[in-house]
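This is data09.txt (compact mmCIF, C-alpha atoms and all ligand atoms).
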```
# COMPACT_ATOMS: atom_id res chain seq x y z
CA MET A 1 -61.94 -22.38 50.13
CA LYS A 2 -59.50 -21.09 52.72
CA LYS A 3 -57.07 -23.17 54.72
CA ILE A 4 -57.23 -22.49 58.45
CA VAL A 5 -55.17 -23.78 61.34
CA LYS A 6 -56.69 -26.85 62.95
CA PRO A 7 -57.46 -26.91 66.69
CA ASN A 8 -54.52 -27.72 68.97
CA PHE A 9 -56.61 -29.64 71.50
CA SER A 10 -58.01 -33.15 71.52
CA VAL A 11 -61.43 -34.67 72.03
CA ALA A 12 -60.26 -35.83 75.48
CA ASP A 13 -59.51 -32.18 76.40
CA VAL A 14 -63.00 -31.14 75.25
CA LEU A 15 -64.80 -34.05 76.91
CA ILE A 16 -63.37 -33.53 80.38
CA GLU A 17 -64.34 -29.84 80.43
CA CYS A 18 -67.79 -30.45 78.94
CA ILE A 19 -68.75 -32.92 81.66
CA ASP A 20 -66.99 -31.15 84.54
CA ASN A 21 -70.20 -30.03 86.26
CA LEU A 22 -72.43 -32.89 85.10
CA GLN A 23 -74.89 -33.62 87.92
CA ASN A 24 -75.38 -37.30 87.07
CA GLU A 25 -72.26 -38.77 88.71
CA ASN A 26 -72.81 -42.25 87.25
CA LEU A 27 -73.05 -40.89 83.70
CA LYS A 28 -70.08 -38.62 84.31
CA GLN A 29 -67.93 -41.56 85.47
CA GLU A 30 -69.06 -43.72 82.56
CA LEU A 31 -68.11 -40.93 80.15
CA ILE A 32 -64.68 -40.56 81.77
CA ASP A 33 -64.22 -44.34 81.53
CA SER A 34 -65.14 -44.12 77.82
CA THR A 35 -62.51 -41.52 76.91
CA ASN A 36 -60.57 -44.10 74.92
CA GLN A 37 -63.54 -44.66 72.63
CA PHE A 38 -63.80 -40.94 71.89
CA THR A 39 -60.05 -40.87 71.26
CA SER A 40 -60.22 -43.91 69.03
CA ALA A 41 -62.97 -42.29 66.91
CA GLU A 42 -60.86 -39.13 66.72
CA SER A 43 -57.81 -41.12 65.50
CA ASP A 44 -59.94 -42.90 62.93
CA PHE A 45 -61.23 -39.54 61.65
CA GLU A 46 -57.70 -38.10 61.42
CA SER A 47 -56.27 -41.07 59.53
CA LYS A 48 -59.20 -41.16 57.10
CA VAL A 49 -59.53 -37.44 56.41
CA ILE A 50 -56.02 -37.29 54.94
CA THR A 51 -56.65 -40.33 52.73
CA ASN A 52 -60.13 -39.14 51.67
CA THR A 53 -61.75 -42.24 53.09
CA LEU A 54 -64.03 -40.60 55.67
CA HIS A 55 -67.01 -42.17 53.91
CA GLN A 56 -65.78 -45.54 55.23
CA ILE A 57 -66.37 -44.52 58.85
CA GLN A 58 -69.27 -46.47 60.29
CA GLN A 59 -72.37 -44.39 60.99
CA ASN A 60 -74.53 -44.29 64.11
CA ILE A 61 -71.90 -45.67 66.51
CA GLU A 62 -72.97 -45.45 70.13
CA ILE A 63 -70.75 -46.21 73.11
CA SER A 64 -73.34 -48.02 75.26
CA ASN A 65 -77.04 -48.08 76.05
CA THR A 66 -76.41 -45.18 78.42
CA ILE A 67 -74.03 -43.20 76.22
CA ASN A 68 -76.27 -43.39 73.20
CA SER A 69 -76.71 -41.13 70.19
CA SER A 70 -78.88 -38.67 72.09
CA VAL A 71 -76.39 -38.31 74.96
CA LEU A 72 -73.45 -37.93 72.56
CA LYS A 73 -75.19 -35.17 70.59
CA GLY A 74 -76.29 -33.56 73.85
CA ILE A 75 -72.69 -33.18 75.02
CA TYR A 76 -72.19 -30.86 72.06
CA THR A 77 -75.43 -28.89 72.18
CA ASP A 78 -75.86 -28.70 75.97
CA ARG A 79 -72.26 -28.63 77.15
CA MET A 80 -70.00 -27.31 74.37
CA VAL A 81 -72.32 -24.75 72.75
CA ASN A 82 -73.98 -23.68 76.03
CA LYS A 83 -72.31 -20.43 77.09
CA THR A 84 -72.53 -21.24 80.80
CA ASN A 85 -70.53 -24.44 80.46
CA LYS A 86 -66.76 -24.89 80.69
CA GLY A 87 -66.68 -26.67 77.32
CA ARG A 88 -67.66 -23.40 75.64
CA VAL A 89 -64.04 -22.24 75.67
CA PHE A 90 -63.25 -24.83 72.97
CA TYR A 91 -66.28 -23.78 70.90
CA ASN A 92 -65.07 -20.18 71.08
CA SER A 93 -61.52 -21.12 70.18
CA ILE A 94 -62.66 -22.84 66.97
CA PHE A 95 -65.19 -20.07 66.21
CA ILE A 96 -62.51 -17.36 66.13
CA SER A 97 -59.92 -19.42 64.23
CA ALA A 98 -61.09 -18.26 60.78
CA PRO A 99 -59.08 -15.20 59.62
CA TYR A 100 -61.16 -11.98 59.56
CA GLY A 101 -64.11 -14.00 60.88
CA LYS A 102 -64.89 -15.21 57.35
CA CYS A 103 -66.35 -18.62 56.60
CA PRO A 104 -63.60 -20.86 55.14
CA PHE A 105 -66.05 -22.81 52.96
CA CYS A 106 -67.26 -19.82 50.89
CA SER A 107 -64.65 -17.16 51.83
CA VAL A 108 -67.40 -14.52 51.74
CA LYS A 109 -69.84 -14.64 54.64
CA GLN A 110 -69.35 -14.14 58.37
CA VAL A 111 -68.73 -17.10 60.70
CA ARG A 112 -71.92 -17.70 62.69
CA THR A 113 -71.63 -21.27 63.93
CA LEU A 114 -69.53 -24.43 63.93
CA ASP A 115 -70.15 -26.96 61.19
CA HIS A 116 -69.83 -30.68 61.82
CA TYR A 117 -67.86 -31.83 58.76
CA LEU A 118 -69.38 -35.28 59.31
CA PRO A 119 -72.86 -34.52 60.67
CA LYS A 120 -73.55 -35.39 64.29
CA SER A 121 -76.92 -36.84 63.26
CA LYS A 122 -75.08 -39.72 61.57
CA TYR A 123 -71.77 -39.63 63.47
CA PRO A 124 -72.76 -38.82 67.07
CA ILE A 125 -69.45 -40.08 68.47
CA LEU A 126 -67.73 -37.25 66.49
CA SER A 127 -70.02 -34.54 67.95
CA ILE A 128 -67.24 -32.90 69.98
CA THR A 129 -64.18 -34.05 67.99
CA PRO A 130 -62.24 -30.82 67.33
CA ASN A 131 -61.09 -31.71 63.80
CA ASN A 132 -64.70 -32.46 62.85
CA LEU A 133 -65.76 -28.95 63.93
CA VAL A 134 -65.12 -26.09 61.50
CA PRO A 135 -66.16 -22.41 61.77
CA SER A 136 -68.84 -21.72 59.17
CA CYS A 137 -71.41 -19.18 58.03
CA SER A 138 -75.07 -20.07 58.48
CA ASP A 139 -75.66 -20.76 54.79
CA CYS A 140 -72.71 -23.12 54.32
CA ASN A 141 -73.74 -24.91 57.50
CA LYS A 142 -77.31 -25.33 56.27
CA ASP A 143 -76.44 -26.25 52.69
CA LYS A 144 -74.53 -29.24 54.02
CA LEU A 145 -76.75 -29.91 57.03
CA VAL A 146 -77.52 -33.62 56.62
CA ASP A 147 -75.06 -34.31 53.89
CA SER A 148 -72.48 -37.02 54.36
CA PRO A 149 -70.10 -38.38 51.73
CA THR A 150 -70.61 -41.83 50.21
CA SER A 151 -67.34 -41.80 48.23
CA SER A 152 -63.94 -40.05 48.18
CA GLU A 153 -65.19 -37.81 45.37
CA GLU A 154 -68.07 -36.57 47.55
CA GLU A 155 -65.75 -35.48 50.35
CA THR A 156 -65.86 -31.70 50.09
CA LEU A 157 -62.71 -29.77 50.92
CA HIS A 158 -61.82 -29.65 54.61
CA PRO A 159 -60.34 -26.31 55.72
CA TYR A 160 -57.95 -27.96 58.21
CA PHE A 161 -56.53 -30.52 55.81
CA ASP A 162 -56.86 -29.29 52.21
CA ASP A 163 -54.56 -26.47 51.15
CA ILE A 164 -55.14 -25.25 47.58
CA GLU A 165 -54.50 -21.54 48.08
CA ASN A 166 -51.25 -21.45 46.10
CA PHE A 167 -52.91 -22.66 42.90
CA ASP A 168 -55.15 -20.78 40.46
CA TRP A 169 -58.47 -22.58 40.22
CA LEU A 170 -61.34 -20.07 40.35
CA LYS A 171 -62.53 -18.56 37.07
CA ALA A 172 -65.38 -16.36 35.94
CA LYS A 173 -66.86 -15.45 32.59
CA ILE A 174 -69.33 -12.88 31.32
CA LEU A 175 -72.52 -14.62 30.18
CA THR A 176 -74.30 -11.53 28.84
CA LEU A 177 -73.22 -7.89 28.65
CA ASN A 178 -76.61 -6.15 28.72
CA PRO A 179 -77.80 -6.82 31.36
CA ILE A 180 -74.46 -8.06 32.63
CA LYS A 181 -74.39 -11.57 34.06
CA PHE A 182 -71.49 -13.65 35.28
CA GLU A 183 -70.79 -17.32 35.78
CA TYR A 184 -68.19 -18.66 38.18
CA TYR A 185 -66.61 -22.07 37.75
CA VAL A 186 -63.54 -24.02 38.81
CA SER A 187 -60.64 -24.81 36.52
CA PRO A 188 -58.19 -26.92 38.55
CA PRO A 189 -54.54 -27.21 37.45
CA ASN A 190 -53.73 -30.16 35.18
CA GLU A 191 -51.15 -31.52 37.61
CA TRP A 192 -53.80 -32.15 40.28
CA SER A 193 -55.10 -35.67 40.80
CA ASP A 194 -58.48 -36.45 39.27
CA LEU A 195 -59.79 -36.96 42.81
CA LEU A 196 -58.81 -33.49 44.00
CA LYS A 197 -60.25 -31.94 40.82
CA THR A 198 -63.57 -33.71 41.41
CA ARG A 199 -63.63 -32.85 45.12
CA LEU A 200 -63.11 -29.15 44.33
CA THR A 201 -65.85 -29.27 41.69
CA ASN A 202 -68.22 -30.94 44.15
CA HIS A 203 -67.29 -28.48 46.90
CA PHE A 204 -68.05 -25.56 44.58
CA SER A 205 -71.39 -27.08 43.69
CA ALA A 206 -72.38 -28.24 47.21
CA TYR A 207 -71.93 -24.74 48.65
CA LEU A 208 -73.67 -23.03 45.71
CA LEU A 209 -70.66 -20.79 45.19
CA ASN A 210 -71.52 -19.75 41.62
CA ASP A 211 -74.81 -18.29 42.88
CA LEU A 212 -73.07 -16.47 45.72
CA TYR A 213 -70.15 -15.08 43.73
CA SER A 214 -72.11 -14.06 40.62
CA ILE A 215 -74.48 -11.94 42.74
CA HIS A 216 -71.51 -10.12 44.26
CA ALA A 217 -69.97 -9.68 40.80
CA ILE A 218 -73.04 -7.90 39.40
CA GLU A 219 -73.04 -5.51 42.37
CA GLU A 220 -69.31 -4.86 41.95
CA PHE A 221 -69.84 -4.08 38.28
CA GLU A 222 -72.63 -1.62 39.08
CA ASN A 223 -70.34 0.09 41.59
CA ILE A 224 -67.50 0.61 39.08
CA LYS A 225 -69.52 1.10 35.89
CA LEU A 226 -69.41 4.92 35.96
CA GLN A 227 -65.67 4.92 36.66
CA LEU A 228 -64.94 2.46 33.83
CA THR A 229 -67.18 4.39 31.44
CA LYS A 230 -65.28 7.63 32.11
CA LEU A 231 -61.94 5.88 31.67
CA TYR A 232 -63.01 4.37 28.35
CA GLN A 233 -64.56 7.59 26.97
CA ASN A 234 -61.81 9.96 28.14
CA LEU A 235 -58.64 7.85 27.84
CA GLY A 236 -59.49 4.90 25.59
CA VAL A 237 -59.27 1.14 25.53
CA ASN A 238 -55.64 0.78 26.61
CA GLN A 239 -56.04 2.92 29.73
CA LEU A 240 -59.21 1.05 30.64
CA LYS A 241 -57.43 -2.29 30.25
CA GLU A 242 -54.46 -1.08 32.29
CA HIS A 243 -56.76 -0.02 35.11
CA ILE A 244 -58.62 -3.35 35.14
CA LEU A 245 -55.31 -5.22 35.05
CA ASP A 246 -54.06 -3.23 38.07
CA CYS A 247 -57.28 -4.10 39.94
CA TYR A 248 -56.77 -7.77 39.09
CA ILE A 249 -53.07 -7.85 40.08
CA SER A 250 -53.78 -6.13 43.38
CA ARG A 251 -56.49 -8.61 44.32
CA TYR A 252 -54.46 -11.58 43.05
CA SER A 253 -51.66 -10.57 45.41
CA VAL A 254 -54.06 -10.96 48.35
CA ASN A 255 -56.02 -14.04 47.27
CA LYS A 256 -55.51 -15.94 44.01
CA ASN A 257 -59.01 -17.39 44.14
CA SER A 258 -61.30 -14.72 45.54
CA TRP A 259 -64.46 -13.87 43.61
CA GLN A 260 -62.97 -10.38 43.15
CA THR A 261 -59.75 -11.73 41.59
CA ALA A 262 -61.72 -13.87 39.14
CA PHE A 263 -64.07 -10.95 38.46
CA TYR A 264 -61.33 -8.54 37.32
CA ASN A 265 -59.55 -11.28 35.41
CA CYS A 266 -62.67 -12.04 33.40
CA LEU A 267 -63.28 -8.35 32.65
CA TYR A 268 -59.70 -8.00 31.41
CA GLU A 269 -59.88 -11.08 29.21
CA ASN A 270 -63.21 -10.14 27.59
CA GLU A 271 -62.44 -8.17 24.41
CA ASP A 272 -66.02 -6.96 23.93
CA PHE A 273 -66.11 -5.63 27.45
CA CYS A 274 -62.81 -3.77 27.11
CA ASN A 275 -64.01 -2.30 23.81
CA GLY A 276 -66.83 -0.55 25.62
CA SER A 277 -69.73 -2.95 25.13
CA PHE A 278 -70.63 -2.65 28.82
CA ILE A 279 -71.72 1.01 28.37
ZN ZN B 301 -69.88 -19.86 54.05
```
Turn this file's structure into structure tokens for me.
Amino acid sequence: MKKIVKPNFSVADVLIECIDNLQNENLKQELIDSTNQFTSAESDFESKVITNTLHQIQQNIEISNTINSSVLKGIYTDRMVNKTNKGRVFYNSIFISAPYGKCPFCSVKQVRTLDHYLPKSKYPILSITPNNLVPSCSDCNKDKLVDSPTSSEEETLHPYFDDIENFDWLKAKILTLNPIKFEYYVSPPNEWSDLLKTRLTNHFSAYLLNDLYSIHAIEEFENIKLQLTKLYQNLGVNQLKEHILDCYISRYSVNKNSWQTAFYNCLYENEDFCNGSFI
């Protein structure tokens, strides 16, 4: 999970641009008059996300009979996502905020959409709230499509508010050597609160990250198998271990918790592997 910089604009900024060319003048005026309610929902979200109490936000809030759930969701889909609308500039700004265009939830796949951290199906008033919109790959967006937390523990990590990059928490182990299989898991630092440990564990599970990372690990192993075999046969165990350690240190210097960092760490720590059992 990667921390990314949160949007520097408010729901009021987004709303006014989204409805700029709205044909229905009555609806447009009613939306402008309701700005405070959008702002109030935004403030509620921001105070609760940092205390892990988002699950306490009331679901299915509508502003009026006119500005109902359907209209609120439509402002996002018809006016913020729609490329011909002025609100699209905010969609684009959030879309490109993930470094290297990589999804912050899995750190592997390409950003393809914006994910509503609290789904717009249950929280329509948060449909266009910037801090509720996070760049995401298609899979992470789908895996969490209608999911909404019912407790603090179920609140998966939020890339704008949770920063765990300076800690070591991702691990891998070799399940079988022939054929080689890996398992990824989280091992949070002892000093973390029980809540953060559980939230990370639930995040890892909700986004199916073991499945994703272990597939990449098998492919990485196949790609380096010939090279490692030659190193072991020509130069011996110590040279092989030194090479794997260099690979690990190099990746650790870039990202302490990438699947690649955990991959090389687990190869290095597996005595059977380093003694040539992978050949
Ligand atoms: Zn993803």
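By all atoms listed in the file, and with residues fewer than 5 positions from region 78-89 of chain A along its chain excluded, the set lying at most 8 Å from it is A:Val14, A:Leu15, A:Glu17, A:Cys18, A:Ile19, A:Asp20, A:Ile128.
Distance annotation: of A:Val5, A:Cys137, A:Ile164, A:Ala98, the residue with the minimal separation from Val111 (chain A) is A:Cys137; atom set is only C-alpha atoms.
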Can you check which parts of region 159-182 of chain A lie within 9 Å of region 247-258 of chain A? Per residue, the shortest pair of atoms and distance in Å to one decimal, counting only C-alpha atoms, sorted by chain and number, as JSON lines.
```
{"residue": "A:Glu165", "atom": "CA", "partner": "A:Lys256", "partner_atom": "CA", "distance": 7.0}
{"residue": "A:Asn166", "atom": "CA", "partner": "A:Lys256", "partner_atom": "CA", "distance": 7.3}
{"residue": "A:Phe167", "atom": "CA", "partner": "A:Lys256", "partner_atom": "CA", "distance": 7.3}
{"residue": "A:Asp168", "atom": "CA", "partner": "A:Lys256", "partner_atom": "CA", "distance": 6.0}
{"residue": "A:Trp169", "atom": "CA", "partner": "A:Asn257", "partner_atom": "CA", "distance": 6.5}
{"residue": "A:Leu170", "atom": "CA", "partner": "A:Asn257", "partner_atom": "CA", "distance": 5.2}
{"residue": "A:Lys171", "atom": "CA", "partner": "A:Asn257", "partner_atom": "CA", "distance": 8.0}
```
How would you write, as a ChimeraX atom specification, the set of residues no farther than 12 Å from ligand ZN 301 (chain B) when counting all atoms listed in the file?
/A:1-2,98,101-115,134-144,159,203-204,206-209,212-213
Please produce a file of those selected residues containing C-alpha atoms, as a PDB file, in the coordinates of the input.
```
ATOM      1  CA  MET A   1     -61.940 -22.380  50.130  1.00  0.00           C
ATOM      2  CA  LYS A   2     -59.500 -21.090  52.720  1.00  0.00           C
ATOM      3  CA  ALA A  98     -61.090 -18.260  60.780  1.00  0.00           C
ATOM      4  CA  GLY A 101     -64.110 -14.000  60.880  1.00  0.00           C
ATOM      5  CA  LYS A 102     -64.890 -15.210  57.350  1.00  0.00           C
ATOM      6  CA  CYS A 103     -66.350 -18.620  56.600  1.00  0.00           C
ATOM      7  CA  PRO A 104     -63.600 -20.860  55.140  1.00  0.00           C
ATOM      8  CA  PHE A 105     -66.050 -22.810  52.960  1.00  0.00           C
ATOM      9  CA  CYS A 106     -67.260 -19.820  50.890  1.00  0.00           C
ATOM     10  CA  SER A 107     -64.650 -17.160  51.830  1.00  0.00           C
ATOM     11  CA  VAL A 108     -67.400 -14.520  51.740  1.00  0.00           C
ATOM     12  CA  LYS A 109     -69.840 -14.640  54.640  1.00  0.00           C
ATOM     13  CA  GLN A 110     -69.350 -14.140  58.370  1.00  0.00           C
ATOM     14  CA  VAL A 111     -68.730 -17.100  60.700  1.00  0.00           C
ATOM     15  CA  ARG A 112     -71.920 -17.700  62.690  1.00  0.00           C
ATOM     16  CA  THR A 113     -71.630 -21.270  63.930  1.00  0.00           C
ATOM     17  CA  LEU A 114     -69.530 -24.430  63.930  1.00  0.00           C
ATOM     18  CA  ASP A 115     -70.150 -26.960  61.190  1.00  0.00           C
ATOM     19  CA  VAL A 134     -65.120 -26.090  61.500  1.00  0.00           C
ATOM     20  CA  PRO A 135     -66.160 -22.410  61.770  1.00  0.00           C
ATOM     21  CA  SER A 136     -68.840 -21.720  59.170  1.00  0.00           C
ATOM     22  CA  CYS A 137     -71.410 -19.180  58.030  1.00  0.00           C
ATOM     23  CA  SER A 138     -75.070 -20.070  58.480  1.00  0.00           C
ATOM     24  CA  ASP A 139     -75.660 -20.760  54.790  1.00  0.00           C
ATOM     25  CA  CYS A 140     -72.710 -23.120  54.320  1.00  0.00           C
ATOM     26  CA  ASN A 141     -73.740 -24.910  57.500  1.00  0.00           C
ATOM     27  CA  LYS A 142     -77.310 -25.330  56.270  1.00  0.00           C
ATOM     28  CA  ASP A 143     -76.440 -26.250  52.690  1.00  0.00           C
ATOM     29  CA  LYS A 144     -74.530 -29.240  54.020  1.00  0.00           C
ATOM     30  CA  PRO A 159     -60.340 -26.310  55.720  1.00  0.00           C
ATOM     31  CA  HIS A 203     -67.290 -28.480  46.900  1.00  0.00           C
ATOM     32  CA  PHE A 204     -68.050 -25.560  44.580  1.00  0.00           C
ATOM     33  CA  ALA A 206     -72.380 -28.240  47.210  1.00  0.00           C
ATOM     34  CA  TYR A 207     -71.930 -24.740  48.650  1.00  0.00           C
ATOM     35  CA  LEU A 208     -73.670 -23.030  45.710  1.00  0.00           C
ATOM     36  CA  LEU A 209     -70.660 -20.790  45.190  1.00  0.00           C
ATOM     37  CA  LEU A 212     -73.070 -16.470  45.720  1.00  0.00           C
ATOM     38  CA  TYR A 213     -70.150 -15.080  43.730  1.00  0.00           C
TER      39      TYR A 213
END
```
Nearest residue to Lys3 (chain A) out of A:Asp163, A:Glu219, A:Glu271, A:Asp246, using all atoms listed in the file?
A:Asp163
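From CA of Lys241 (chain A) back to CA of Leu175 (chain A), the distance works out to 19.5 Å.
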What would region 73-92 of chain A look like with N, CA and C atoms restored, written as a JSON list (two decimals), keeping the file's coordinate frame?
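Here's the written file selection.json:
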```json
[["chain", "number", "residue", "atom", "x", "y", "z"],
["A", 73, "LYS", "N", -74.87, -36.45, 71.23],
["A", 73, "LYS", "CA", -75.19, -35.17, 70.59],
["A", 73, "LYS", "C", -75.44, -34.08, 71.63],
["A", 74, "GLY", "N", -76.00, -34.51, 72.77],
["A", 74, "GLY", "CA", -76.29, -33.56, 73.85],
["A", 74, "GLY", "C", -75.02, -32.97, 74.47],
["A", 75, "ILE", "N", -73.94, -33.73, 74.47],
["A", 75, "ILE", "CA", -72.69, -33.18, 75.02],
["A", 75, "ILE", "C", -72.28, -31.96, 74.21],
["A", 76, "TYR", "N", -72.52, -32.02, 72.90],
["A", 76, "TYR", "CA", -72.19, -30.86, 72.06],
["A", 76, "TYR", "C", -73.18, -29.71, 72.31],
["A", 77, "THR", "N", -74.46, -29.98, 72.14],
["A", 77, "THR", "CA", -75.43, -28.89, 72.18],
["A", 77, "THR", "C", -75.62, -28.32, 73.60],
["A", 78, "ASP", "N", -75.60, -29.18, 74.61],
["A", 78, "ASP", "CA", -75.86, -28.70, 75.97],
["A", 78, "ASP", "C", -74.60, -28.28, 76.72],
["A", 79, "ARG", "N", -73.45, -28.82, 76.32],
["A", 79, "ARG", "CA", -72.26, -28.63, 77.15],
["A", 79, "ARG", "C", -71.09, -27.97, 76.43],
["A", 80, "MET", "N", -71.09, -28.00, 75.10],
["A", 80, "MET", "CA", -70.00, -27.31, 74.37],
["A", 80, "MET", "C", -70.50, -25.99, 73.80],
["A", 81, "VAL", "N", -71.75, -25.97, 73.31],
["A", 81, "VAL", "CA", -72.32, -24.75, 72.75],
["A", 81, "VAL", "C", -72.83, -23.84, 73.88],
["A", 82, "ASN", "N", -73.40, -24.44, 74.90],
["A", 82, "ASN", "CA", -73.98, -23.68, 76.03],
["A", 82, "ASN", "C", -72.94, -22.73, 76.64],
["A", 83, "LYS", "N", -73.29, -21.45, 76.67],
["A", 83, "LYS", "CA", -72.31, -20.43, 77.09],
["A", 83, "LYS", "C", -71.96, -20.52, 78.57],
["A", 84, "THR", "N", -72.80, -21.18, 79.36],
["A", 84, "THR", "CA", -72.53, -21.24, 80.80],
["A", 84, "THR", "C", -71.64, -22.43, 81.16],
["A", 85, "ASN", "N", -71.30, -23.23, 80.17],
["A", 85, "ASN", "CA", -70.53, -24.44, 80.46],
["A", 85, "ASN", "C", -69.04, -24.28, 80.15],
["A", 86, "LYS", "N", -68.21, -25.03, 80.86],
["A", 86, "LYS", "CA", -66.76, -24.89, 80.69],
["A", 86, "LYS", "C", -66.28, -25.33, 79.30],
["A", 87, "GLY", "N", -67.05, -26.21, 78.66],
["A", 87, "GLY", "CA", -66.68, -26.67, 77.32],
["A", 87, "GLY", "C", -66.77, -25.58, 76.27],
["A", 88, "ARG", "N", -67.46, -24.49, 76.60],
["A", 88, "ARG", "CA", -67.66, -23.40, 75.64],
["A", 88, "ARG", "C", -66.33, -22.77, 75.18],
["A", 89, "VAL", "N", -65.33, -22.85, 76.04],
["A", 89, "VAL", "CA", -64.04, -22.24, 75.67],
["A", 89, "VAL", "C", -63.48, -22.87, 74.38],
["A", 90, "PHE", "N", -63.75, -24.15, 74.18],
["A", 90, "PHE", "CA", -63.25, -24.83, 72.97],
["A", 90, "PHE", "C", -64.09, -24.42, 71.75],
["A", 91, "TYR", "N", -65.40, -24.27, 71.97],
["A", 91, "TYR", "CA", -66.28, -23.78, 70.90],
["A", 91, "TYR", "C", -65.78, -22.41, 70.44],
["A", 92, "ASN", "N", -65.52, -21.53, 71.41],
["A", 92, "ASN", "CA", -65.07, -20.18, 71.08],
["A", 92, "ASN", "C", -63.73, -20.19, 70.36]]
```
